[in-house]
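*Asks:* Sharing work21.cif, mmCIF, C-alpha atoms and all ligand atoms:
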data_my_file
#
loop_
_atom_site.label_atom_id
_atom_site.label_comp_id
_atom_site.auth_asym_id
_atom_site.auth_seq_id
_atom_site.Cartn_x
_atom_site.Cartn_y
_atom_site.Cartn_z
CA MET A 81 0.00 0.00 0.00
CA GLU A 82 1.17 3.55 -0.77
CA THR A 83 2.29 5.46 2.28
CA ALA A 84 3.17 9.05 3.16
CA PRO A 85 4.67 10.63 6.27
CA GLY A 86 2.82 13.02 8.60
CA LEU A 87 -0.63 12.89 10.16
CA ILE A 88 -2.62 14.13 7.19
CA ARG A 89 -1.68 14.58 3.59
CA LEU A 90 -3.99 15.57 0.79
CA GLU A 91 -2.95 15.50 -2.81
CA ASP A 92 -4.97 17.20 -5.54
CA ILE A 93 -8.30 16.67 -3.79
CA ARG A 94 -11.28 17.59 -5.94
CA LYS A 95 -14.96 17.55 -5.14
CA THR A 96 -17.73 18.20 -7.60
CA TYR A 97 -21.39 18.04 -6.62
CA HIS A 98 -23.88 17.03 -9.27
CA LEU A 99 -27.20 18.80 -9.20
CA GLY A 100 -29.29 17.20 -11.94
CA GLU A 101 -27.50 18.04 -15.17
CA ILE A 102 -25.27 20.62 -13.57
CA ASP A 103 -21.81 19.97 -12.20
CA VAL A 104 -20.82 22.17 -9.28
CA PRO A 105 -17.06 22.02 -8.76
CA VAL A 106 -16.39 23.01 -5.14
CA LEU A 107 -12.85 21.80 -4.37
CA LYS A 108 -10.50 22.30 -7.31
CA GLY A 109 -7.25 20.57 -6.44
CA ILE A 110 -6.33 20.87 -2.76
CA SER A 111 -2.92 19.68 -1.59
CA LEU A 112 -2.15 20.04 2.10
CA SER A 113 -0.09 18.45 4.85
CA ILE A 114 -0.84 18.63 8.55
CA GLU A 115 1.55 17.31 11.18
CA LYS A 116 0.66 15.72 14.49
CA GLY A 117 0.25 18.34 17.22
CA GLU A 118 -0.53 21.27 14.93
CA PHE A 119 -3.33 23.77 15.55
CA VAL A 120 -4.45 24.78 12.07
CA ALA A 121 -7.13 27.30 11.12
CA LEU A 122 -8.80 26.66 7.79
CA MET A 123 -10.13 30.03 6.80
CA GLY A 124 -12.16 31.38 3.90
CA SER A 125 -15.33 33.28 3.15
CA SER A 126 -18.75 31.68 3.17
CA GLY A 127 -19.16 29.25 0.27
CA SER A 128 -15.41 28.89 -0.34
CA GLY A 129 -15.50 25.14 0.36
CA LYS A 130 -14.36 24.94 4.00
CA SER A 131 -17.04 22.57 5.23
CA THR A 132 -16.73 20.44 2.12
CA LEU A 133 -13.01 20.10 2.78
CA MET A 134 -13.53 19.43 6.48
CA ASN A 135 -16.06 16.72 5.71
CA ILE A 136 -13.49 15.03 3.51
CA LEU A 137 -10.72 15.41 6.10
CA GLY A 138 -13.09 13.98 8.72
CA CYS A 139 -14.10 11.03 6.52
CA LEU A 140 -17.71 12.20 6.57
CA ASP A 141 -17.58 12.50 2.79
CA ARG A 142 -15.40 11.29 -0.07
CA PRO A 143 -13.57 13.36 -2.65
CA SER A 144 -14.41 13.01 -6.35
CA SER A 145 -10.69 12.45 -6.97
CA GLY A 146 -7.33 12.86 -5.30
CA ALA A 147 -5.45 11.08 -2.54
CA TYR A 148 -5.87 11.33 1.22
CA TRP A 149 -3.29 9.77 3.53
CA PHE A 150 -4.13 9.59 7.22
CA GLU A 151 -1.33 8.37 9.49
CA GLY A 152 0.46 7.18 6.39
CA LYS A 153 -2.38 5.17 4.87
CA ASN A 154 -4.27 6.13 1.74
CA ILE A 155 -7.84 6.10 2.96
CA VAL A 156 -9.76 7.24 -0.11
CA HIS A 157 -10.82 3.72 -1.00
CA LEU A 158 -11.86 2.54 2.45
CA SER A 159 -15.37 1.10 2.74
CA VAL A 160 -18.12 2.91 4.63
CA ASP A 161 -17.51 0.68 7.68
CA GLU A 162 -13.75 1.16 7.60
CA ARG A 163 -14.20 4.91 7.45
CA ALA A 164 -16.67 4.84 10.34
CA TYR A 165 -14.15 2.85 12.36
CA LEU A 166 -11.37 5.32 11.57
CA ARG A 167 -13.62 8.27 12.43
CA ASN A 168 -14.67 6.80 15.70
CA ALA A 169 -11.17 5.80 16.78
CA LYS A 170 -9.21 8.80 15.59
CA MET A 171 -11.41 11.86 15.12
CA GLY A 172 -13.55 14.11 17.26
CA PHE A 173 -16.01 16.61 15.80
CA VAL A 174 -17.47 19.86 17.03
CA PHE A 175 -20.00 21.79 14.93
CA GLN A 176 -21.56 25.23 15.00
CA SER A 177 -24.93 23.78 15.96
CA PHE A 178 -23.75 21.62 18.90
CA ASN A 179 -25.77 18.62 17.60
CA LEU A 180 -26.64 17.27 21.04
CA LEU A 181 -29.48 14.81 21.63
CA PRO A 182 -32.24 17.00 23.09
CA ARG A 183 -33.82 14.50 25.50
CA ALA A 184 -30.55 13.19 26.90
CA SER A 185 -28.55 14.59 29.82
CA ALA A 186 -25.09 16.09 29.40
CA LEU A 187 -23.69 12.86 30.83
CA GLU A 188 -25.66 10.67 28.40
CA ASN A 189 -24.67 12.84 25.45
CA VAL A 190 -21.00 12.52 26.33
CA MET A 191 -21.25 8.76 26.95
CA MET A 192 -22.88 8.18 23.56
CA PRO A 193 -19.74 7.60 21.40
CA LEU A 194 -18.44 5.00 23.87
CA GLY A 195 -21.33 2.81 22.75
CA TYR A 196 -19.71 2.64 19.32
CA ALA A 197 -16.17 2.23 20.62
CA THR A 198 -14.22 -0.71 19.27
CA THR A 199 -13.26 -1.98 22.71
CA PHE A 200 -16.07 -2.76 25.12
CA VAL A 201 -16.60 -0.15 27.82
CA SER A 202 -18.88 -1.01 30.75
CA ASP A 203 -21.68 1.39 31.67
CA ARG A 204 -19.95 2.17 34.94
CA GLU A 205 -16.67 2.95 33.19
CA ALA A 206 -18.52 5.00 30.55
CA ARG A 207 -20.13 7.09 33.30
CA ARG A 208 -16.82 7.55 35.04
CA ARG A 209 -15.08 8.71 31.87
CA ALA A 210 -17.92 11.00 30.79
CA THR A 211 -18.04 12.56 34.26
CA GLU A 212 -14.29 13.15 34.16
CA MET A 213 -14.56 14.71 30.70
CA LEU A 214 -17.39 17.01 31.76
CA GLU A 215 -15.33 18.06 34.79
CA LYS A 216 -12.48 18.85 32.42
CA VAL A 217 -14.66 21.24 30.43
CA GLY A 218 -15.96 22.88 33.61
CA LEU A 219 -19.39 21.26 33.76
CA ALA A 220 -19.10 19.12 36.89
CA GLU A 221 -22.27 20.75 38.23
CA ARG A 222 -24.32 20.11 35.08
CA LEU A 223 -24.08 16.36 34.53
CA HIS A 224 -27.83 15.77 34.59
CA HIS A 225 -29.00 18.83 32.71
CA GLU A 226 -30.54 18.40 29.27
CA PRO A 227 -29.35 20.67 26.44
CA SER A 228 -32.40 22.98 26.77
CA GLN A 229 -31.37 23.63 30.39
CA LEU A 230 -27.88 24.75 29.38
CA SER A 231 -26.55 27.97 27.81
CA GLY A 232 -25.07 27.90 24.31
CA GLY A 233 -21.54 27.92 25.68
CA GLN A 234 -22.33 25.07 28.06
CA GLN A 235 -23.92 23.07 25.24
CA GLN A 236 -20.80 23.54 23.12
CA ARG A 237 -18.67 22.38 26.05
CA VAL A 238 -20.80 19.23 26.29
CA ALA A 239 -20.20 18.75 22.56
CA ILE A 240 -16.45 19.16 23.10
CA ALA A 241 -16.49 16.61 25.94
CA ARG A 242 -18.40 14.23 23.65
CA ALA A 243 -15.88 14.78 20.85
CA LEU A 244 -13.02 13.87 23.21
CA ILE A 245 -14.50 10.88 25.02
CA ASN A 246 -12.80 8.32 22.77
CA ARG A 247 -9.51 10.23 23.21
CA PRO A 248 -9.06 10.98 19.51
CA PRO A 249 -5.70 12.37 18.37
CA VAL A 250 -7.45 14.82 16.03
CA LEU A 251 -10.23 17.28 16.74
CA PHE A 252 -12.16 18.92 13.89
CA ALA A 253 -14.22 22.00 14.64
CA ASP A 254 -16.41 23.66 11.97
CA GLU A 255 -17.31 27.24 12.98
CA PRO A 256 -17.55 26.09 16.63
CA THR A 257 -18.15 29.61 17.93
CA GLY A 258 -20.64 30.64 15.24
CA ASN A 259 -23.57 30.52 17.67
CA LEU A 260 -21.76 31.90 20.73
CA ASP A 261 -21.28 35.40 22.12
CA SER A 262 -17.74 36.79 22.15
CA LYS A 263 -16.92 36.00 25.78
CA THR A 264 -18.16 32.43 25.46
CA SER A 265 -16.30 32.11 22.15
CA CYS A 266 -13.09 33.06 23.94
CA GLU A 267 -13.67 30.37 26.54
CA VAL A 268 -14.29 27.70 23.95
CA LEU A 269 -11.27 28.75 21.86
CA ALA A 270 -9.04 28.83 24.94
CA MET A 271 -10.19 25.30 25.61
CA PHE A 272 -9.09 24.19 22.13
CA LYS A 273 -5.75 25.92 22.69
CA ASP A 274 -5.31 24.04 25.94
CA LEU A 275 -6.23 20.70 24.42
CA ASN A 276 -3.66 21.34 21.73
CA GLN A 277 -0.86 22.56 23.99
CA LYS A 278 -1.36 20.40 27.07
CA ASP A 279 -2.82 17.21 25.63
CA GLY A 280 -1.09 17.35 22.24
CA ILE A 281 -4.36 16.98 20.32
CA THR A 282 -4.15 18.10 16.70
CA VAL A 283 -6.83 20.75 16.17
CA ILE A 284 -8.25 21.68 12.77
CA LEU A 285 -10.49 24.68 13.16
CA VAL A 286 -12.71 25.91 10.33
CA THR A 287 -13.72 29.56 10.43
CA HIS A 288 -14.48 32.63 8.34
CA ASP A 289 -13.45 34.88 11.25
CA PRO A 290 -9.83 36.14 11.54
CA GLU A 291 -10.34 36.76 15.29
CA VAL A 292 -11.08 33.09 15.72
CA ALA A 293 -8.25 32.01 13.41
CA ARG A 294 -5.74 33.81 15.65
CA TYR A 295 -5.88 31.00 18.14
CA ALA A 296 -4.24 28.71 15.64
CA ASP A 297 -0.52 28.36 14.97
CA ARG A 298 -1.00 28.06 11.23
CA LEU A 299 -3.44 29.61 8.85
CA VAL A 300 -4.56 27.81 5.71
CA ARG A 301 -6.68 29.95 3.42
CA ILE A 302 -9.18 28.63 0.95
CA ALA A 303 -10.84 30.76 -1.72
CA ASP A 304 -13.24 29.42 -4.33
CA GLY A 305 -12.07 25.84 -3.82
CA VAL A 306 -8.30 26.37 -3.98
CA LEU A 307 -5.75 27.08 -1.26
CA VAL A 308 -4.21 30.53 -1.41
CA ASP A 309 -0.99 31.62 0.19
CA GLY A 310 -1.92 33.77 3.18
CA THR A 311 0.93 36.18 2.53
CA ALA A 312 0.49 36.48 -1.22
CA ALA A 313 -3.19 36.84 -2.04
CA ALA A 314 -4.09 40.54 -2.28
CA ASP A 315 -7.60 40.13 -0.91
CA SER A 316 -6.31 38.40 2.17
CA ASP A 317 -3.76 40.97 3.34
CA GLU A 318 -5.96 42.37 6.06
CA ASP A 319 -6.88 39.00 7.45
CA TRP A 320 -3.31 37.89 7.31
CA GLU A 321 -2.08 40.94 9.20
CA ALA A 322 -4.77 40.52 11.82
CA PHE A 323 -3.66 36.93 12.12
CA VAL A 324 0.09 37.48 12.49
CA LYS A 325 -0.06 40.63 14.60
CA GLY A 326 -3.01 39.83 16.75
CA GLU A 327 -2.80 38.81 20.35
CA THR A 328 -5.58 36.43 21.19
CA ALA A 329 -8.58 38.52 22.06
CA CYS A 330 -9.00 37.19 25.58
CA ALA A 331 -6.79 35.91 28.33
CA SER A 332 -6.57 32.20 28.93
CA PHE A 333 -9.72 30.65 30.25
CA GLU A 334 -9.87 29.15 33.72
CA PRO A 335 -12.86 26.88 34.14
P1 LIG A 401 -18.19 26.98 3.39
O1 LIG A 401 -18.20 25.98 4.50
O2 LIG A 401 -16.84 27.54 3.10
O3 LIG A 401 -19.18 28.08 3.63
P2 LIG A 401 -19.24 24.81 1.79
O4 LIG A 401 -18.14 23.83 1.71
O5 LIG A 401 -20.35 24.52 2.73
O6 LIG A 401 -18.64 26.27 2.05
O7 LIG A 401 -19.88 25.00 0.34
C1 LIG A 401 -19.10 25.34 -0.78
C2 LIG A 401 -19.97 25.36 -2.03
O8 LIG A 401 -20.45 24.06 -2.29
C3 LIG A 401 -21.20 26.24 -1.88
O9 LIG A 401 -21.36 26.93 -3.10
C4 LIG A 401 -22.31 25.27 -1.67
O10 LIG A 401 -23.51 25.76 -2.17
C5 LIG A 401 -21.85 24.04 -2.41
N1 LIG A 401 -22.35 22.80 -1.80
C6 LIG A 401 -22.08 22.37 -0.55
N2 LIG A 401 -22.68 21.19 -0.30
C7 LIG A 401 -23.34 20.87 -1.44
C8 LIG A 401 -24.17 19.76 -1.82
N3 LIG A 401 -24.41 18.73 -1.00
N4 LIG A 401 -24.69 19.78 -3.07
C9 LIG A 401 -24.44 20.80 -3.91
N5 LIG A 401 -23.67 21.86 -3.62
C10 LIG A 401 -23.14 21.91 -2.40
MG MG A 402 -19.20 25.88 6.30
#
Step by step, read the file and then write its structure as structure tokens.
Ligand code: ADP
Ligand code: MG
*Replies:*
Amino acid sequence: METAPGLIRLEDIRKTYHLGEIDVPVLKGISLSIEKGEFVALMGSSGSGKSTLMNILGCLDRPSSGAYWFEGKNIVHLSVDERAYLRNAKMGFVFQSFNLLPRASALENVMMPLGYATTFVSDREARRRATEMLEKVGLAERLHHEPSQLSGGQQQRVAIARALINRPPVLFADEPTGNLDSKTSCEVLAMFKDLNQKDGITVILVTHDPEVARYADRLVRIADGVLVDGTAAADSDEDWEAFVKGETACASFEP
């Protein structure tokens, strides 16, 4: 089998949607490498293809063509089950819209992925781990609250705890602060920073917002389905300057 070094390597990834007779090319040849332990912001305006690219990186969708190596293995041709296995073992996801189960408690939401884990986890152990994870995100007092009884920031923290319960080496976040106020956004972003720096989790953060992108160590810009060099593209100068000059907008978050 072909191999490649690094955590993630994409080579000439293309994605075209087909709407009836019409082809809609969305990704037009993306090549990108991400190393273990990086905190990368994938930035671009609305409609530029960020979510499409993230869905491919996160094995939620397949490219139309191109190669994708994850931990050295070309995974483009994996079956649906093999991809689900890889996703569950290696990847955590956080979305703008939290995606929590409405009638389940914070604890039950966080325990959920352990039910699909490849190694058996007893209910007692699942509860213990989920409790520990909720403590880590500062929600020790909210274990039995349902999503509707939690603020947006608290719901997103439950979603982060759920994303981390299987201890994935990679965390994908697609506009994770899109539904949060600025103070709560800071808290959530500081949490990602911490997970990256203290726990060594690779974070891939998708955003259209340069303020949010500042938390990352590396900026990858996408425009109209191609990657653009952050320093070169004229229309990105302002964003790039904000990114390199900016201090993070809020001090580190203490739960
Ligand atoms: P972003 O996340 O950067 O806002 P997306 O990746 O969601 O952008 O979308 C990029 C483009 O692809 C948009 O023009 C969108 O309309 C189109 N697109 C996304 N998903 C589909 C789909 N399932 N079918 C057809 N077109 C799609
Ligand atoms: Mg999007």
*Asks:* Could you report the residues within 6 Å of ligand LIG 401 (chain A), using all atoms listed in the file, as a list of chain:residue names?
*Replies:*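 Written in the requested form, the residues are A:Tyr97, A:Val106, A:Ser125, A:Ser126, A:Gly127, A:Ser128, A:Gly129, A:Lys130, A:Ser131, A:Thr132.
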*Asks:* Near stretch 202-218 of chain A, counting all atoms listed in the file, which residues have an atom at most 7 Å away, once you skip same-chain residues fewer than 3 positions from it, shown as a PDB file with C-alpha atoms, in the frame of the given file?
*Replies:*
ATOM      1  CA  LEU A 187     -23.690  12.860  30.830  1.00  0.00           C
ATOM      2  CA  VAL A 190     -21.000  12.520  26.330  1.00  0.00           C
ATOM      3  CA  MET A 191     -21.250   8.760  26.950  1.00  0.00           C
ATOM      4  CA  LEU A 194     -18.440   5.000  23.870  1.00  0.00           C
ATOM      5  CA  ARG A 237     -18.670  22.380  26.050  1.00  0.00           C
ATOM      6  CA  VAL A 238     -20.800  19.230  26.290  1.00  0.00           C
ATOM      7  CA  ALA A 241     -16.490  16.610  25.940  1.00  0.00           C
ATOM      8  CA  ILE A 245     -14.500  10.880  25.020  1.00  0.00           C
ATOM      9  CA  PRO A 335     -12.860  26.880  34.140  1.00  0.00           C
TER      10      PRO A 335
END
*Asks:* Residues within 12 Å of ligand MG 402 (chain A), counting only C-alpha atoms and all ligand atoms: report them as a PyMOL selection string.
*Replies:* chain A and resi 122-135+175-177+253-256+258+285-289+302
*Asks:* Using Å and a single decimal, report how far atom CA of A:Gln277 sits from atom CA of A:Leu260.
*Replies:*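 Atom-to-atom, atom CA of A:Leu260 and atom CA of A:Gln277 are spaced 23.1 Å apart.
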*Asks:* Could you work out how far atom CA of A:Ala296 lies from atom CA of A:Val156, giving the answer in Å with one decimal?
*Replies:*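 So the two atoms, atom CA of A:Val156 and atom CA of A:Ala296, lie 27.2 Å apart.
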*Asks:* Name the residues in contact with A:Lys273 at a cut-off of 12 Å, using all atoms listed in the file, excluding same-chain residues fewer than 4 positions from it; report them as an mmCIF file with C-alpha atoms, in the frame of the given file.
*Replies:*
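Result file out.cif:
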data_model
loop_
_atom_site.group_PDB
_atom_site.id
_atom_site.type_symbol
_atom_site.label_atom_id
_atom_site.label_comp_id
_atom_site.auth_asym_id
_atom_site.auth_seq_id
_atom_site.Cartn_x
_atom_site.Cartn_y
_atom_site.Cartn_z
ATOM 1 C CA GLY A 117 0.250 18.340 17.220
ATOM 2 C CA GLU A 118 -0.530 21.270 14.930
ATOM 3 C CA PHE A 119 -3.330 23.770 15.550
ATOM 4 C CA VAL A 120 -4.450 24.780 12.070
ATOM 5 C CA ALA A 121 -7.130 27.300 11.120
ATOM 6 C CA LEU A 251 -10.230 17.280 16.740
ATOM 7 C CA CYS A 266 -13.090 33.060 23.940
ATOM 8 C CA GLU A 267 -13.670 30.370 26.540
ATOM 9 C CA VAL A 268 -14.290 27.700 23.950
ATOM 10 C CA LEU A 269 -11.270 28.750 21.860
ATOM 11 C CA GLN A 277 -0.860 22.560 23.990
ATOM 12 C CA LYS A 278 -1.360 20.400 27.070
ATOM 13 C CA ASP A 279 -2.820 17.210 25.630
ATOM 14 C CA GLY A 280 -1.090 17.350 22.240
ATOM 15 C CA ILE A 281 -4.360 16.980 20.320
ATOM 16 C CA THR A 282 -4.150 18.100 16.700
ATOM 17 C CA VAL A 283 -6.830 20.750 16.170
ATOM 18 C CA ILE A 284 -8.250 21.680 12.770
ATOM 19 C CA LEU A 285 -10.490 24.680 13.160
ATOM 20 C CA VAL A 292 -11.080 33.090 15.720
ATOM 21 C CA ALA A 293 -8.250 32.010 13.410
ATOM 22 C CA ARG A 294 -5.740 33.810 15.650
ATOM 23 C CA TYR A 295 -5.880 31.000 18.140
ATOM 24 C CA ALA A 296 -4.240 28.710 15.640
ATOM 25 C CA ASP A 297 -0.520 28.360 14.970
ATOM 26 C CA THR A 328 -5.580 36.430 21.190
ATOM 27 C CA ALA A 331 -6.790 35.910 28.330
ATOM 28 C CA SER A 332 -6.570 32.200 28.930
ATOM 29 C CA PHE A 333 -9.720 30.650 30.250
#
*Asks:* Measuring atom to atom with all atoms listed in the file, identify which of A:Arg301, A:His157, A:Arg183, A:Lys95 is nearest to A:Glu226.
*Replies:*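 The answer is A:Arg183, which sits nearest to A:Glu226.
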*Asks:* In Å, how far is it from atom CA of A:Thr264 to atom CA of A:His224?
*Replies:*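 Atom-to-atom, atom CA of A:Thr264 to atom CA of A:His224, that is 21.3 Å.
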*Asks:* Measuring between all atoms listed in the file, which one of A:Gly195, A:Gly100, A:Gly138, A:Pro227 shows the shortest distance to A:Leu166?
*Replies:*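 With all atoms listed in the file as the atom set, the closest residue is A:Gly138.
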*Asks:* Would you mind telling me which residue in A:Thr199, A:Arg142, A:Val250, A:Ile110 lies nearest to A:Leu87 when using all atoms listed in the file?
*Replies:*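 Ranking A:Thr199, A:Arg142, A:Val250, A:Ile110 by distance to A:Leu87, first place goes to A:Val250.
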*Asks:* Please determine the residues with any atom at most 8 Å from (0.6, 13.1, 11.0) (coordinates as given in the file, with all atoms listed in the file counting) and report them as JSON, numbers by chain.
*Replies:* {"A": [85, 86, 87, 88, 89, 114, 115, 116, 150, 151, 152]}
*Asks:* Could you dump the residues just selected with C-alpha atoms as a short mmCIF file (atom, residue, chain, number, x, y, z; two decimals), in the frame of the given file?
*Replies:*
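Okay, out.cif is ready:
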data_model
loop_
_atom_site.label_atom_id
_atom_site.label_comp_id
_atom_site.auth_asym_id
_atom_site.auth_seq_id
_atom_site.Cartn_x
_atom_site.Cartn_y
_atom_site.Cartn_z
CA PRO A 85 4.67 10.63 6.27
CA GLY A 86 2.82 13.02 8.60
CA LEU A 87 -0.63 12.89 10.16
CA ILE A 88 -2.62 14.13 7.19
CA ARG A 89 -1.68 14.58 3.59
CA ILE A 114 -0.84 18.63 8.55
CA GLU A 115 1.55 17.31 11.18
CA LYS A 116 0.66 15.72 14.49
CA PHE A 150 -4.13 9.59 7.22
CA GLU A 151 -1.33 8.37 9.49
CA GLY A 152 0.46 7.18 6.39
#
*Asks:* Between A:Ser159, A:Asn179, A:Thr96, A:Asn246, which is the closest to A:Gly146 once you count only C-alpha atoms?
*Replies:* A:Thr96
*Asks:* I'd like the neighbourhood of A:Gly232 as a count of residues only, where a residue qualifies if any of its atoms comes within 8 Å (using all atoms listed in the file), though same-chain residues fewer than 3 positions away should be ignored.
*Replies:* 4
*Asks:* Taking only C-alpha atoms into account, which of A:Asp304, A:Asp309, A:Asp261, A:Asp92 comes nearest A:Leu112?
*Replies:*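 With only C-alpha atoms as the atom set, the closest residue is A:Asp92.
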*Asks:* Counting only C-alpha atoms, which residue out of A:Ser113, A:Ile240, A:Val308, A:Leu107 sits closest to A:Phe173?
*Replies:* A:Ile240
*Asks:* If we count all atoms listed in the file, what is near A:Arg94 at a cut-off of 6 Å, once residues fewer than 5 positions away on the same chain are taken out, given as a PyMOL selection string?
*Replies:* chain A and resi 107-109+143-145
*Asks:* Output as a PDB file, in the frame of the given file: stretch 115-130 of chain A, completed with N, CA and C atoms.
*Replies:*
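What ended up in part_35.pdb:
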ATOM      1  N   GLU A 115       0.747  18.178  10.306  1.00  0.00           N
ATOM      2  CA  GLU A 115       1.550  17.310  11.180  1.00  0.00           C
ATOM      3  C   GLU A 115       0.822  17.088  12.503  1.00  0.00           C
ATOM      4  N   LYS A 116       1.200  16.017  13.170  1.00  0.00           N
ATOM      5  CA  LYS A 116       0.660  15.720  14.490  1.00  0.00           C
ATOM      6  C   LYS A 116       1.000  16.873  15.438  1.00  0.00           C
ATOM      7  N   GLY A 117       0.022  17.293  16.222  1.00  0.00           N
ATOM      8  CA  GLY A 117       0.250  18.340  17.220  1.00  0.00           C
ATOM      9  C   GLY A 117       0.049  19.758  16.717  1.00  0.00           C
ATOM     10  N   GLU A 118      -0.280  19.911  15.450  1.00  0.00           N
ATOM     11  CA  GLU A 118      -0.530  21.270  14.930  1.00  0.00           C
ATOM     12  C   GLU A 118      -1.908  21.778  15.351  1.00  0.00           C
ATOM     13  N   PHE A 119      -2.035  23.109  15.378  1.00  0.00           N
ATOM     14  CA  PHE A 119      -3.330  23.770  15.550  1.00  0.00           C
ATOM     15  C   PHE A 119      -3.501  24.628  14.295  1.00  0.00           C
ATOM     16  N   VAL A 120      -4.311  24.147  13.374  1.00  0.00           N
ATOM     17  CA  VAL A 120      -4.450  24.780  12.070  1.00  0.00           C
ATOM     18  C   VAL A 120      -5.825  25.434  11.943  1.00  0.00           C
ATOM     19  N   ALA A 121      -5.852  26.667  11.465  1.00  0.00           N
ATOM     20  CA  ALA A 121      -7.130  27.300  11.120  1.00  0.00           C
ATOM     21  C   ALA A 121      -7.314  27.223   9.619  1.00  0.00           C
ATOM     22  N   LEU A 122      -8.440  26.682   9.203  1.00  0.00           N
ATOM     23  CA  LEU A 122      -8.800  26.660   7.790  1.00  0.00           C
ATOM     24  C   LEU A 122      -9.805  27.786   7.593  1.00  0.00           C
ATOM     25  N   MET A 123      -9.347  28.804   6.864  1.00  0.00           N
ATOM     26  CA  MET A 123     -10.130  30.030   6.800  1.00  0.00           C
ATOM     27  C   MET A 123     -10.536  30.366   5.372  1.00  0.00           C
ATOM     28  N   GLY A 124     -11.699  30.964   5.224  1.00  0.00           N
ATOM     29  CA  GLY A 124     -12.160  31.380   3.900  1.00  0.00           C
ATOM     30  C   GLY A 124     -13.567  31.930   4.045  1.00  0.00           C
ATOM     31  N   SER A 125     -14.009  32.666   3.050  1.00  0.00           N
ATOM     32  CA  SER A 125     -15.330  33.280   3.150  1.00  0.00           C
ATOM     33  C   SER A 125     -16.404  32.206   2.988  1.00  0.00           C
ATOM     34  N   SER A 126     -17.622  32.587   3.271  1.00  0.00           N
ATOM     35  CA  SER A 126     -18.750  31.680   3.170  1.00  0.00           C
ATOM     36  C   SER A 126     -18.854  31.159   1.736  1.00  0.00           C
ATOM     37  N   GLY A 127     -19.030  29.849   1.591  1.00  0.00           N
ATOM     38  CA  GLY A 127     -19.160  29.250   0.270  1.00  0.00           C
ATOM     39  C   GLY A 127     -17.843  28.907  -0.393  1.00  0.00           C
ATOM     40  N   SER A 128     -16.722  29.137   0.281  1.00  0.00           N
ATOM     41  CA  SER A 128     -15.410  28.890  -0.340  1.00  0.00           C
ATOM     42  C   SER A 128     -15.041  27.402  -0.373  1.00  0.00           C
ATOM     43  N   GLY A 129     -15.756  26.586   0.387  1.00  0.00           N
ATOM     44  CA  GLY A 129     -15.500  25.140   0.360  1.00  0.00           C
ATOM     45  C   GLY A 129     -14.932  24.584   1.659  1.00  0.00           C
ATOM     46  N   LYS A 130     -14.951  25.377   2.724  1.00  0.00           N
ATOM     47  CA  LYS A 130     -14.360  24.940   4.000  1.00  0.00           C
ATOM     48  C   LYS A 130     -15.023  23.690   4.553  1.00  0.00           C
TER      49      LYS A 130
END
